[in-house]
2 protein chains.
Amino acid sequence: MKTIPHRIYLTEEQMPKAWYNLRADMKQQPDPMINPATMQPAVEADLYPVFCKELAHQEMDAETRFVDIPAEILEFYKMYRPSPLCRAYELEKALGTPAKIYYKFEGNNTSGSHKLNSAVAQAYYAKQQGLTTLTTETGAGQWGTALAEACAFFGLDLTVYMVKASYQQKPFRKDVIRTFGANIIASPSDTTEAGRKILAHDPDCTGSLGCAISEAVEKAVTTEGCRYVLGSVLNQVLLHQSVIGLESEKALQLIEEYPDIIIGCAGGGSNLGGLIAPFMRDKISGKADPRIIAVEPASCPSLTRGRYAYDFCDTAQITPMARMYTLGSGFIPSANHAGGLRYHGMSPILSKLYHDGYMEAVSVEQSKVFDAAVFFAKHETILPAPESAHAIRTAIDEALKCKETGEAKTILFGLTGTGYFDMTAYSSYLDGRMTDYIPTDEDLKPGFDSLPAIPGVQD
Amino acid sequence: MKTIPHRIYLTEEQMPKAWYNLRADMKQQPDPMINPATMQPAVEADLYPVFCKELAHQEMDAETRFVDIPAEILEFYKMYRPSPLCRAYELEKALGTPAKIYYKFEGNNTSGSHKLNSAVAQAYYAKQQGLTTLTTETGAGQWGTALAEACAFFGLDLTVYMVKASYQQKPFRKDVIRTFGANIIASPSDTTEAGRKILAHDPDCTGSLGCAISEAVEKAVTTEGCRYVLGSVLNQVLLHQSVIGLESEKALQLIEEYPDIIIGCAGGGSNLGGLIAPFMRDKISGKADPRIIAVEPASCPSLTRGRYAYDFCDTAQITPMARMYTLGSGFIPSANHAGGLRYHGMSPILSKLYHDGYMEAVSVEQSKVFDAAVFFAKHETILPAPESAHAIRTAIDEALKCKETGEAKTILFGLTGTGYFDMTAYSSYLDGRMTDYIPTDEDLKPGFDSLPAIPGVQD
């Protein structure tokens, strides 16, 4: 039998030349976005003030199955891709499991995560359209770093609104973003109407992705030659991130494997949506039947405890509304929550697939997540991001079930990134200062109360 | 003509199965170490109280050309190696140079550098000998992290003495080291005689590698089942690090390239010695004649301004003496110096090769190093460690010379690691607070005055 290498790298020739648009193969489409000004389904042109045209087109395009990756983006990808598909031999040994565990490791680039896959695409299309400036928000900071890298490369100006809690928890993240020449502002800030309104209501607000999105969108639509970009949730982002799944699929084919279980952490869904794309296609078509598991923090449980409803993507309620699993745009995660995965909603594509029963979801508490992170680091030598460690936690749990049953299942999980800028959280875990937080139904109520009432859809 | 990929990864089968011992091919050997107790050349057994036996053997072995890499170490290597050989297409384009620039990137592991290559070897041999505990020092922190990873993997206890200046400059480095279960102490400390003596003399001492080595060695020789390990300078370390050069050589063969210029940053010499090993062999044998350039900080210029003399490897003068280029074991780099490359001496092997004219050396000021670092990051997307950026600086300078002359030289440099824990230094650069420091002859005098007088050798 051929030995499976520890790390599988595709050649440049084997790298995907097109992104895969999962929507083209979904039996039922996600519900359309609603333009809050007209209360009608949004059309492509409604998005032009916010997104550049090609990205607005990708956002709405549910027909094109494969979208060619432009040559300039492919060239950029080749500086840090393919990412390795890793066989976790040492983790398997340490667990004593008969399961075969693989992870797709997206952390080997300076953004520290998969976020660069979409950042370079979004910066490229903005540059093509002749724009000069972008705005965005960042939570844990990987997206902000990724976009700063992409904007530096293409010569675009960038302003990043960083969730204040992360800005304070991760003092060095902003310096990385500054190194790539971007301007960075702690959100909520006094630089936008949205920010000033939030601060007037709560001067000590530590922010949320929803707040930061409001500020970044406002800045974009009020600045000449500027557009807004977002690192998750959107259909276009899942399209770009399909490169993760396509590379994984190809690498697994080379070693003649197919996953029984696919696991990804889920905040807005960018990694999970990208990782599972080709496998979900197989599941929808009946070609295969892998279990697909989304893992989210117990403190921000949009899939497992949210409502499947129309909601705004931001706190100030200025974006279009999307139907998704959501905790309400007014939801702000507990301050003790470390790292990303703090968005109130979930990708409409993933929400629909979950709603239709194609996907499972679990939520995990952060102390158990960090148990898994440290165990993984000691055996596989990689210090994972807290976000990624959610997937590790569930992969370990599934591998231990295999140990009980004796089944040699093939598990694939997404190791989205590294934890080098999360040492405040690691330190609090190591010192026994880390606490868990599971919101009560009462805690979730204000978020749900912030859901928009839409006559005839949700009253 | 075949296109050269951006990143070249060897397969597991192509990875080196043996380390290469450059000493076996040197026409003249480095002068022998001297045991300060006897003032005679040290023999292998003299090292047993400090190093485990196999490493003491490797330290003294100048005959064995290839040393088989034990299977367990090979397995560990496969978790993060091969490291990619990268073609710097975007850097070339940005510089407008006809030069072909390659870099061997060792930063894609959690230690953030090449240091893991020797750490796993040293931990493995200690474990084989039945030892339970190791001590070491760390400056910039990569070595301490690397050894912590290796010790966690093999189940060894570890105490790391971290140079106080770095400990304070890099608050999160120690948390990474702690995550892997190691004990970490800022040096000089009150836990050793050597540390107490230094603190009595200067309570505000921010430390040096020399101080930290004294403390770690003292701790090792006074603790049962414990030995000391060192991340650079030593012959054994250069042996393990030859994996960098061997992989580079193999990858270049696959694309039918051979470097005209090889560039590495040099502190104690671990990366440079490893990177150049097979190319230096060719140079010694006359098979090829590449230029080989060591790059050191202007603030710690052991090769360019040091003396080729016998010196202690540590401040407290308890180690054997080695003949090397040195600034004197009493030398402490200026506090404004960022990052590693702060050791007072240089690998005896590299010192001898430099002394015999096989190598060039240049020193560069840190503001110019950070200019190069930021330029590189923006074009090649990787945020380099300050140490690595010394090599980038000189690679850029050589590529710009090619632009003037129109020569399409092939340049290979070692990109030893990433700068994620060096944001304090980047931040000071970005804010215009970074200063340069070139010691005057007067500044260097106290270090030279600390050189031992050895009757008949150096009086």
# chains A, B, ... in the order shown; residues from 1 in each chain; ligands from 1
>>> select_by_dssp(residues="stretch 403-434 of chain B", states="alpha helix (DSSP H)", output="list in words")
Lys403, Glu404, Thr405, Met423, Thr424, Ala425, Tyr426, Ser427, Ser428, Tyr429 and Leu430 of chain B
>>> interface_residues(of="chain A", to="chain B", cutoff="6 Å", atoms="only C-alpha atoms", output="number ranges by chain")
A: 6, 78, 108, 110, 152-153, 172, 175, 378-379, 382, 423, 427
>>> write_last_selection(atoms="C-alpha atoms", output="mmCIF file, in the first residue's frame")
data_model
loop_
_atom_site.group_PDB
_atom_site.id
_atom_site.type_symbol
_atom_site.label_atom_id
_atom_site.label_comp_id
_atom_site.auth_asym_id
_atom_site.auth_seq_id
_atom_site.Cartn_x
_atom_site.Cartn_y
_atom_site.Cartn_z
ATOM 1 C CA HIS A 6 2.208 13.961 6.033
ATOM 2 C CA LYS A 78 0.851 30.960 -6.179
ATOM 3 C CA ASN A 108 0.813 29.534 6.157
ATOM 4 C CA THR A 110 0.956 36.413 6.804
ATOM 5 C CA ALA A 152 -0.636 46.902 -0.680
ATOM 6 C CA PHE A 153 -0.020 44.540 -3.576
ATOM 7 C CA PHE A 172 0.023 43.864 17.562
ATOM 8 C CA ASP A 175 0.758 47.007 13.573
ATOM 9 C CA LYS A 378 1.753 19.685 21.371
ATOM 10 C CA HIS A 379 1.234 16.796 18.969
ATOM 11 C CA ILE A 382 1.002 24.004 14.980
ATOM 12 C CA MET A 423 -1.744 34.955 22.980
ATOM 13 C CA SER A 427 -2.443 33.226 28.370
#
>>> residues_around(residues="stretch 41-44 of chain A", least_positions_apart="3", cutoff="10 Å", atoms="only C-alpha atoms", output="compact mmCIF listing (two decimals) with N, CA, C and O atoms, in the first residue's frame")
# COMPACT_ATOMS: atom_id res chain seq x y z
N ASP A 31 -33.26 32.39 -0.04
CA ASP A 31 -34.21 33.46 -0.34
C ASP A 31 -33.44 34.70 -0.80
O ASP A 31 -32.32 34.92 -0.37
N PRO A 32 -34.06 35.51 -1.65
CA PRO A 32 -33.34 36.68 -2.17
C PRO A 32 -33.12 37.74 -1.08
O PRO A 32 -33.88 37.83 -0.13
N MET A 33 -32.05 38.54 -1.27
CA MET A 33 -31.86 39.71 -0.41
C MET A 33 -33.01 40.69 -0.63
O MET A 33 -33.58 40.74 -1.72
N ILE A 34 -33.31 41.43 0.39
CA ILE A 34 -34.34 42.46 0.27
C ILE A 34 -33.71 43.84 0.43
O ILE A 34 -32.91 44.06 1.35
N ASN A 35 -34.03 44.73 -0.48
CA ASN A 35 -33.58 46.12 -0.40
C ASN A 35 -34.49 46.86 0.58
O ASN A 35 -35.69 46.98 0.34
N PRO A 36 -33.95 47.31 1.70
CA PRO A 36 -34.83 47.91 2.73
C PRO A 36 -35.49 49.21 2.27
O PRO A 36 -36.51 49.59 2.84
N ALA A 37 -34.95 49.84 1.24
CA ALA A 37 -35.57 51.08 0.74
C ALA A 37 -36.85 50.78 -0.02
O ALA A 37 -37.82 51.54 0.07
N THR A 38 -36.88 49.66 -0.75
CA THR A 38 -38.04 49.33 -1.58
C THR A 38 -38.84 48.17 -1.02
O THR A 38 -39.96 47.91 -1.45
N LEU A 47 -26.63 46.96 -5.59
CA LEU A 47 -25.40 46.75 -4.82
C LEU A 47 -24.24 47.63 -5.29
O LEU A 47 -23.22 47.71 -4.61
N TYR A 48 -24.39 48.25 -6.46
CA TYR A 48 -23.26 49.01 -7.03
C TYR A 48 -22.70 50.11 -6.13
O TYR A 48 -21.50 50.36 -6.16
N PHE A 51 -20.64 47.63 -3.48
CA PHE A 51 -19.63 46.71 -4.02
C PHE A 51 -19.23 47.13 -5.43
O PHE A 51 -20.03 47.71 -6.16
N LYS A 53 -18.60 46.41 -9.42
CA LYS A 53 -19.60 45.76 -10.26
C LYS A 53 -19.42 44.25 -10.39
O LYS A 53 -20.38 43.48 -10.32
N GLU A 54 -18.19 43.82 -10.61
CA GLU A 54 -17.97 42.39 -10.81
C GLU A 54 -18.35 41.61 -9.56
O GLU A 54 -18.92 40.52 -9.64
N LEU A 55 -18.06 42.18 -8.40
CA LEU A 55 -18.41 41.50 -7.15
C LEU A 55 -19.92 41.53 -6.92
O LEU A 55 -20.49 40.55 -6.41
N ALA A 56 -20.57 42.61 -7.30
CA ALA A 56 -22.03 42.66 -7.22
C ALA A 56 -22.63 41.56 -8.11
O ALA A 56 -23.59 40.87 -7.73
N HIS A 57 -22.00 41.40 -9.28
CA HIS A 57 -22.47 40.35 -10.19
C HIS A 57 -22.28 38.95 -9.57
O HIS A 57 -23.20 38.12 -9.59
N GLN A 58 -21.12 38.73 -9.02
CA GLN A 58 -20.87 37.43 -8.39
C GLN A 58 -21.83 37.19 -7.22
O GLN A 58 -22.25 36.06 -6.97
N GLU A 59 -22.17 38.27 -6.52
CA GLU A 59 -23.05 38.13 -5.37
C GLU A 59 -24.42 37.59 -5.79
O GLU A 59 -25.04 36.81 -5.07
N MET A 60 -24.87 37.99 -6.98
CA MET A 60 -26.22 37.65 -7.43
C MET A 60 -26.25 36.42 -8.34
O MET A 60 -27.32 35.87 -8.57
N ASP A 61 -25.13 36.03 -8.86
CA ASP A 61 -25.09 34.99 -9.90
C ASP A 61 -25.24 33.58 -9.31
O ASP A 61 -24.33 33.05 -8.71
N PRO A 320 -28.61 45.72 2.88
CA PRO A 320 -29.76 44.89 2.51
C PRO A 320 -30.02 43.83 3.58
O PRO A 320 -29.14 43.51 4.38
N MET A 321 -31.23 43.30 3.56
CA MET A 321 -31.57 42.24 4.50
C MET A 321 -31.41 40.88 3.81
O MET A 321 -31.76 40.72 2.64
N ALA A 322 -30.89 39.92 4.56
CA ALA A 322 -30.72 38.57 4.02
C ALA A 322 -31.44 37.59 4.93
O ALA A 322 -31.50 37.80 6.15
>>> residues_around(residues="B:Pro16", least_positions_apart="5", cutoff="7 Å", atoms="only C-alpha atoms", output="ChimeraX atom specification")
/B:243,246-247
>>> select_by_dssp(residues="stretch 154-216 of chain A", states="strand (DSSP E or B)", output="PyMOL selection string")
chain A and resi 157-163+183-187
>>> atom_distance(atom1="atom CA of B:Ser189", atom2="atom CA of A:Gly432")
25.6 Å
>>> atom_distance(atom1="atom CA of B:Ala140", atom2="atom CA of B:Ala121")
20.5 Å
>>> residues_around(residues="A:Leu209", least_positions_apart="2", cutoff="8 Å", atoms="only C-alpha atoms", output="PyMOL selection string")
chain A and resi 137-139+163+207+211-213+314+342-344
>>> closest_residue(among="B:Ser363, B:Gln29, B:Ser270, B:Ser242", to="B:Arg305", atoms="only C-alpha atoms")
B:Ser363
>>> residues_around(residues="A:Arg291", least_positions_apart="5", cutoff="12 Å", atoms="only C-alpha atoms", output="list in words")
Tyr258, Pro259, Asp260, Ile261, Ile262, Ile263, Gly264, Ile276, Phe279, Met280, Asp282, Lys283, Ile284, Tyr354, Gly357, Tyr358, Met359, Glu360, Ala361, Glu398, Lys409, Thr410, Ile411, Leu412 and Phe413 of chain A
>>> closest_residue(among="B:Thr440, B:Thr133, B:Ser187, B:Gln458", to="B:Asp204", atoms="only C-alpha atoms")
B:Ser187
>>> closest_residue(among="A:Ala182, A:Cys226, A:Val369, A:Ile73", to="A:Thr435", atoms="only C-alpha atoms")
A:Val369
>>> atom_distance(atom1="atom CA of A:Gly417", atom2="atom CA of A:Gly274")
14.3 Å
>>> decode(residues="stretch 287-298 of chain B", atoms="all heavy atoms", output="mmCIF file, in the first residue's frame")
data_model
loop_
_atom_site.group_PDB
_atom_site.id
_atom_site.type_symbol
_atom_site.label_atom_id
_atom_site.label_comp_id
_atom_site.auth_asym_id
_atom_site.auth_seq_id
_atom_site.Cartn_x
_atom_site.Cartn_y
_atom_site.Cartn_z
ATOM 1 N N LYS B 287 34.376 22.839 -7.507
ATOM 2 C CA LYS B 287 33.333 22.450 -8.457
ATOM 3 C C LYS B 287 32.511 23.665 -8.920
ATOM 4 O O LYS B 287 31.977 23.689 -10.027
ATOM 5 C CB LYS B 287 32.406 21.423 -7.770
ATOM 6 C CG LYS B 287 31.395 20.777 -8.695
ATOM 7 C CD LYS B 287 30.473 19.830 -7.930
ATOM 8 C CE LYS B 287 29.130 19.705 -8.647
ATOM 9 N NZ LYS B 287 28.080 19.141 -7.802
ATOM 10 N N ALA B 288 32.395 24.643 -8.031
ATOM 11 C CA ALA B 288 31.646 25.869 -8.363
ATOM 12 C C ALA B 288 32.258 27.003 -7.560
ATOM 13 O O ALA B 288 33.047 26.764 -6.645
ATOM 14 C CB ALA B 288 30.168 25.705 -8.028
ATOM 15 N N ASP B 289 31.870 28.226 -7.903
ATOM 16 C CA ASP B 289 32.484 29.354 -7.198
ATOM 17 C C ASP B 289 31.466 30.448 -6.849
ATOM 18 O O ASP B 289 31.618 31.604 -7.223
ATOM 19 C CB ASP B 289 33.627 29.941 -8.042
ATOM 20 C CG ASP B 289 34.459 30.925 -7.222
ATOM 21 O OD1 ASP B 289 34.477 30.808 -5.973
ATOM 22 O OD2 ASP B 289 35.078 31.819 -7.830
ATOM 23 N N PRO B 290 30.401 30.065 -6.124
ATOM 24 C CA PRO B 290 29.415 31.087 -5.753
ATOM 25 C C PRO B 290 30.001 32.077 -4.747
ATOM 26 O O PRO B 290 30.865 31.708 -3.944
ATOM 27 C CB PRO B 290 28.303 30.266 -5.097
ATOM 28 C CG PRO B 290 28.997 29.062 -4.537
ATOM 29 C CD PRO B 290 30.094 28.755 -5.520
ATOM 30 N N ARG B 291 29.525 33.324 -4.813
ATOM 31 C CA ARG B 291 29.835 34.265 -3.731
ATOM 32 C C ARG B 291 28.939 33.902 -2.551
ATOM 33 O O ARG B 291 27.746 33.641 -2.714
ATOM 34 C CB ARG B 291 29.520 35.702 -4.154
ATOM 35 C CG ARG B 291 30.545 36.323 -5.070
ATOM 36 C CD ARG B 291 30.101 37.723 -5.456
ATOM 37 N NE ARG B 291 30.028 38.607 -4.303
ATOM 38 C CZ ARG B 291 29.297 39.738 -4.255
ATOM 39 N NH1 ARG B 291 28.562 40.102 -5.296
ATOM 40 N NH2 ARG B 291 29.296 40.488 -3.173
ATOM 41 N N ILE B 292 29.499 33.910 -1.362
ATOM 42 C CA ILE B 292 28.722 33.583 -0.163
ATOM 43 C C ILE B 292 28.850 34.765 0.787
ATOM 44 O O ILE B 292 29.956 35.167 1.141
ATOM 45 C CB ILE B 292 29.234 32.268 0.467
ATOM 46 C CG1 ILE B 292 28.980 31.110 -0.525
ATOM 47 C CG2 ILE B 292 28.570 32.008 1.809
ATOM 48 C CD1 ILE B 292 29.501 29.764 -0.081
ATOM 49 N N ILE B 293 27.711 35.337 1.154
ATOM 50 C CA ILE B 293 27.728 36.589 1.925
ATOM 51 C C ILE B 293 26.976 36.426 3.248
ATOM 52 O O ILE B 293 25.789 36.086 3.263
ATOM 53 C CB ILE B 293 27.081 37.748 1.134
ATOM 54 C CG1 ILE B 293 27.699 37.858 -0.272
ATOM 55 C CG2 ILE B 293 27.243 39.066 1.894
ATOM 56 C CD1 ILE B 293 27.034 38.921 -1.158
ATOM 57 N N ALA B 294 27.679 36.671 4.345
ATOM 58 C CA ALA B 294 27.050 36.728 5.669
ATOM 59 C C ALA B 294 26.627 38.168 5.926
ATOM 60 O O ALA B 294 27.392 39.095 5.675
ATOM 61 C CB ALA B 294 28.045 36.283 6.729
ATOM 62 N N VAL B 295 25.400 38.336 6.440
ATOM 63 C CA VAL B 295 24.908 39.686 6.737
ATOM 64 C C VAL B 295 24.661 39.792 8.233
ATOM 65 O O VAL B 295 23.921 38.983 8.804
ATOM 66 C CB VAL B 295 23.600 39.987 5.980
ATOM 67 C CG1 VAL B 295 23.265 41.472 6.093
ATOM 68 C CG2 VAL B 295 23.703 39.576 4.520
ATOM 69 N N GLU B 296 25.279 40.777 8.844
ATOM 70 C CA GLU B 296 25.107 40.940 10.289
ATOM 71 C C GLU B 296 24.685 42.364 10.603
ATOM 72 O O GLU B 296 24.833 43.266 9.777
ATOM 73 C CB GLU B 296 26.386 40.554 11.023
ATOM 74 C CG GLU B 296 27.618 41.338 10.609
ATOM 75 C CD GLU B 296 28.889 40.826 11.295
ATOM 76 O OE1 GLU B 296 28.870 39.717 11.857
ATOM 77 O OE2 GLU B 296 29.883 41.558 11.290
ATOM 78 N N PRO B 297 24.122 42.578 11.807
ATOM 79 C CA PRO B 297 23.695 43.922 12.178
ATOM 80 C C PRO B 297 24.913 44.816 12.424
ATOM 81 O O PRO B 297 25.900 44.355 13.013
ATOM 82 C CB PRO B 297 22.930 43.730 13.491
ATOM 83 C CG PRO B 297 22.876 42.274 13.750
ATOM 84 C CD PRO B 297 23.862 41.597 12.884
ATOM 85 N N ALA B 298 24.828 46.061 12.022
ATOM 86 C CA ALA B 298 25.900 47.007 12.302
ATOM 87 C C ALA B 298 26.118 47.160 13.805
ATOM 88 O O ALA B 298 27.205 47.503 14.249
ATOM 89 C CB ALA B 298 25.567 48.361 11.680
#
